[in-house]
Amino acid sequence: MTASFVHSDTMAIGVLSALASAGRRVPADVAVVSCDDMPFAEYLTPSLSSLRVPFAETGREAVELLLRSIAGEPAPESTVRLPVELIVRDSCGGRGASTSPPDLTSSGASPAHREQQKEDS
């Protein structure tokens with residue numbers, strides 16, 4: 001195994017620990033990427049690469065869809081797509097030995113997502 005995608009940042013702590021116990025080096029032997037981008041992710045050793053998920057927006061969309069369903073409205077014809085951004089840190093080998101924080105956009109959306117939003121307008 002040369003890479004692992006873990007469902008949550010909290011679970012990734014266990015993966016990092018298990019890999020260390022097995023003598024596997026992250027990212028030299030195994031790259032690790034997770035999902036959530038919790039505030040602690042950048043402070044782990046190595047700092048954890050993670051998908052930033054817009055939890056509040058996801059919740060709002062889910063409640064809106066549920067309320068529409070309860071009201072008997074038809075399901076939307078298009079799929080709701082929310083911005084998810086890969087935050088590259090040391091655990092996947094993508095940032096090298098740098099200790100500077102990632103360059104994040106003020107909107108939180110990736111350039112590709114912003115471009116898609118323009119096309120959808």
# chains A, B, ... in the order shown; residues from 1 in each chain; ligands from 1
>>> residues_around(residues="Leu86 of chain A", least_positions_apart="6", cutoff="7 Å", atoms="only C-alpha atoms", output="JSON, numbers by chain")
{"A": [50, 51, 52]}
>>> residues_around(residues="segment 10-14 of chain A", least_positions_apart="2", cutoff="12 Å", atoms="only C-alpha atoms", output="number ranges by chain")
A: 4-8, 16-21, 26, 31-50, 91
>>> atom_distance(atom1="atom CA of Val53 of chain A", atom2="atom CA of Ile87 of chain A")
10.4 Å
>>> select_by_dssp(residues="segment 8-96 of chain A", states="alpha helix (DSSP H)", output="number ranges by chain")
A: 9-21, 55-70
>>> residues_around(residues="Glu64 of chain A", least_positions_apart="4", cutoff="12 Å", atoms="only C-alpha atoms", output="count of residues only")
12
>>> atom_distance(atom1="atom CA of Met1 of chain A", atom2="atom CA of Pro83 of chain A")
29.4 Å
>>> select_by_dssp(residues="segment 30-74 of chain A", states="strand (DSSP E)", output="MDAnalysis selection string")
chainID A and resid 31:36 49:52
>>> atom_distance(atom1="atom CA of Pro27 of chain A", atom2="atom CA of Leu82 of chain A")
29.0 Å
>>> decode(residues="segment 40-78 of chain A", atoms="N, CA and C atoms", output="short mmCIF file (atom, residue, chain, number, x, y, z; two decimals), in the first residue's frame")
data_model
loop_
_atom_site.label_atom_id
_atom_site.label_comp_id
_atom_site.auth_asym_id
_atom_site.auth_seq_id
_atom_site.Cartn_x
_atom_site.Cartn_y
_atom_site.Cartn_z
N PHE A 40 -7.52 21.06 13.58
CA PHE A 40 -6.28 20.45 14.06
C PHE A 40 -5.44 19.82 12.96
N ALA A 41 -5.99 19.64 11.76
CA ALA A 41 -5.31 18.89 10.69
C ALA A 41 -3.94 19.45 10.36
N GLU A 42 -3.81 20.76 10.35
CA GLU A 42 -2.51 21.35 9.99
C GLU A 42 -1.48 21.22 11.10
N TYR A 43 -1.91 20.86 12.32
CA TYR A 43 -0.98 20.76 13.45
C TYR A 43 -0.51 19.34 13.73
N LEU A 44 -1.05 18.36 13.01
CA LEU A 44 -0.57 16.98 13.18
C LEU A 44 0.83 16.87 12.58
N THR A 45 1.52 15.80 12.94
CA THR A 45 2.85 15.56 12.38
C THR A 45 2.84 14.21 11.67
N PRO A 46 2.95 14.23 10.34
CA PRO A 46 3.02 15.38 9.46
C PRO A 46 1.64 16.05 9.34
N SER A 47 1.65 17.31 8.90
CA SER A 47 0.38 18.01 8.72
C SER A 47 -0.46 17.23 7.71
N LEU A 48 -1.76 17.18 7.97
CA LEU A 48 -2.66 16.29 7.24
C LEU A 48 -3.28 16.96 6.02
N SER A 49 -3.07 16.37 4.85
CA SER A 49 -3.77 16.80 3.64
C SER A 49 -5.22 16.36 3.78
N SER A 50 -6.14 17.24 3.41
CA SER A 50 -7.54 16.95 3.68
C SER A 50 -8.46 17.66 2.71
N LEU A 51 -9.61 17.06 2.46
CA LEU A 51 -10.65 17.71 1.66
C LEU A 51 -11.45 18.62 2.57
N ARG A 52 -11.54 19.88 2.22
CA ARG A 52 -12.35 20.82 2.99
C ARG A 52 -13.80 20.70 2.50
N VAL A 53 -14.67 20.35 3.42
CA VAL A 53 -16.08 20.13 3.12
C VAL A 53 -16.90 21.25 3.76
N PRO A 54 -17.82 21.89 3.01
CA PRO A 54 -18.62 22.97 3.58
C PRO A 54 -19.79 22.42 4.40
N PHE A 55 -19.54 22.06 5.66
CA PHE A 55 -20.55 21.40 6.48
C PHE A 55 -21.82 22.22 6.67
N ALA A 56 -21.70 23.51 6.96
CA ALA A 56 -22.89 24.33 7.19
C ALA A 56 -23.75 24.40 5.93
N GLU A 57 -23.12 24.61 4.80
CA GLU A 57 -23.86 24.68 3.54
C GLU A 57 -24.49 23.33 3.20
N THR A 58 -23.78 22.25 3.49
CA THR A 58 -24.32 20.91 3.26
C THR A 58 -25.58 20.70 4.10
N GLY A 59 -25.53 21.11 5.36
CA GLY A 59 -26.69 20.99 6.24
C GLY A 59 -27.87 21.81 5.75
N ARG A 60 -27.60 23.06 5.33
CA ARG A 60 -28.68 23.92 4.82
C ARG A 60 -29.34 23.29 3.60
N GLU A 61 -28.55 22.80 2.68
CA GLU A 61 -29.09 22.17 1.47
C GLU A 61 -29.91 20.93 1.82
N ALA A 62 -29.43 20.12 2.75
CA ALA A 62 -30.15 18.91 3.14
C ALA A 62 -31.50 19.24 3.77
N VAL A 63 -31.52 20.25 4.64
CA VAL A 63 -32.78 20.65 5.28
C VAL A 63 -33.75 21.20 4.23
N GLU A 64 -33.24 22.00 3.32
CA GLU A 64 -34.10 22.55 2.27
C GLU A 64 -34.72 21.43 1.42
N LEU A 65 -33.91 20.45 1.04
CA LEU A 65 -34.43 19.32 0.26
C LEU A 65 -35.45 18.53 1.07
N LEU A 66 -35.19 18.32 2.34
CA LEU A 66 -36.12 17.59 3.20
C LEU A 66 -37.45 18.33 3.32
N LEU A 67 -37.39 19.63 3.56
CA LEU A 67 -38.62 20.42 3.68
C LEU A 67 -39.43 20.42 2.38
N ARG A 68 -38.74 20.49 1.25
CA ARG A 68 -39.44 20.40 -0.04
C ARG A 68 -40.13 19.05 -0.19
N SER A 69 -39.44 18.01 0.21
CA SER A 69 -40.01 16.66 0.12
C SER A 69 -41.24 16.53 1.01
N ILE A 70 -41.15 17.03 2.23
CA ILE A 70 -42.28 16.97 3.16
C ILE A 70 -43.47 17.75 2.60
N ALA A 71 -43.20 18.86 1.93
CA ALA A 71 -44.26 19.69 1.35
C ALA A 71 -44.83 19.08 0.07
N GLY A 72 -44.29 17.95 -0.36
CA GLY A 72 -44.80 17.28 -1.55
C GLY A 72 -44.24 17.81 -2.85
N GLU A 73 -43.24 18.68 -2.78
CA GLU A 73 -42.64 19.21 -3.99
C GLU A 73 -41.76 18.14 -4.64
N PRO A 74 -41.66 18.17 -5.97
CA PRO A 74 -40.81 17.18 -6.64
C PRO A 74 -39.33 17.45 -6.35
N ALA A 75 -38.56 16.40 -6.45
CA ALA A 75 -37.11 16.53 -6.26
C ALA A 75 -36.54 17.38 -7.38
N PRO A 76 -35.50 18.17 -7.10
CA PRO A 76 -34.88 18.98 -8.16
C PRO A 76 -34.33 18.08 -9.26
N GLU A 77 -34.38 18.60 -10.48
CA GLU A 77 -33.89 17.81 -11.62
C GLU A 77 -32.35 17.77 -11.67
N SER A 78 -31.70 18.78 -11.10
CA SER A 78 -30.24 18.81 -11.14
C SER A 78 -29.68 18.44 -9.77
#
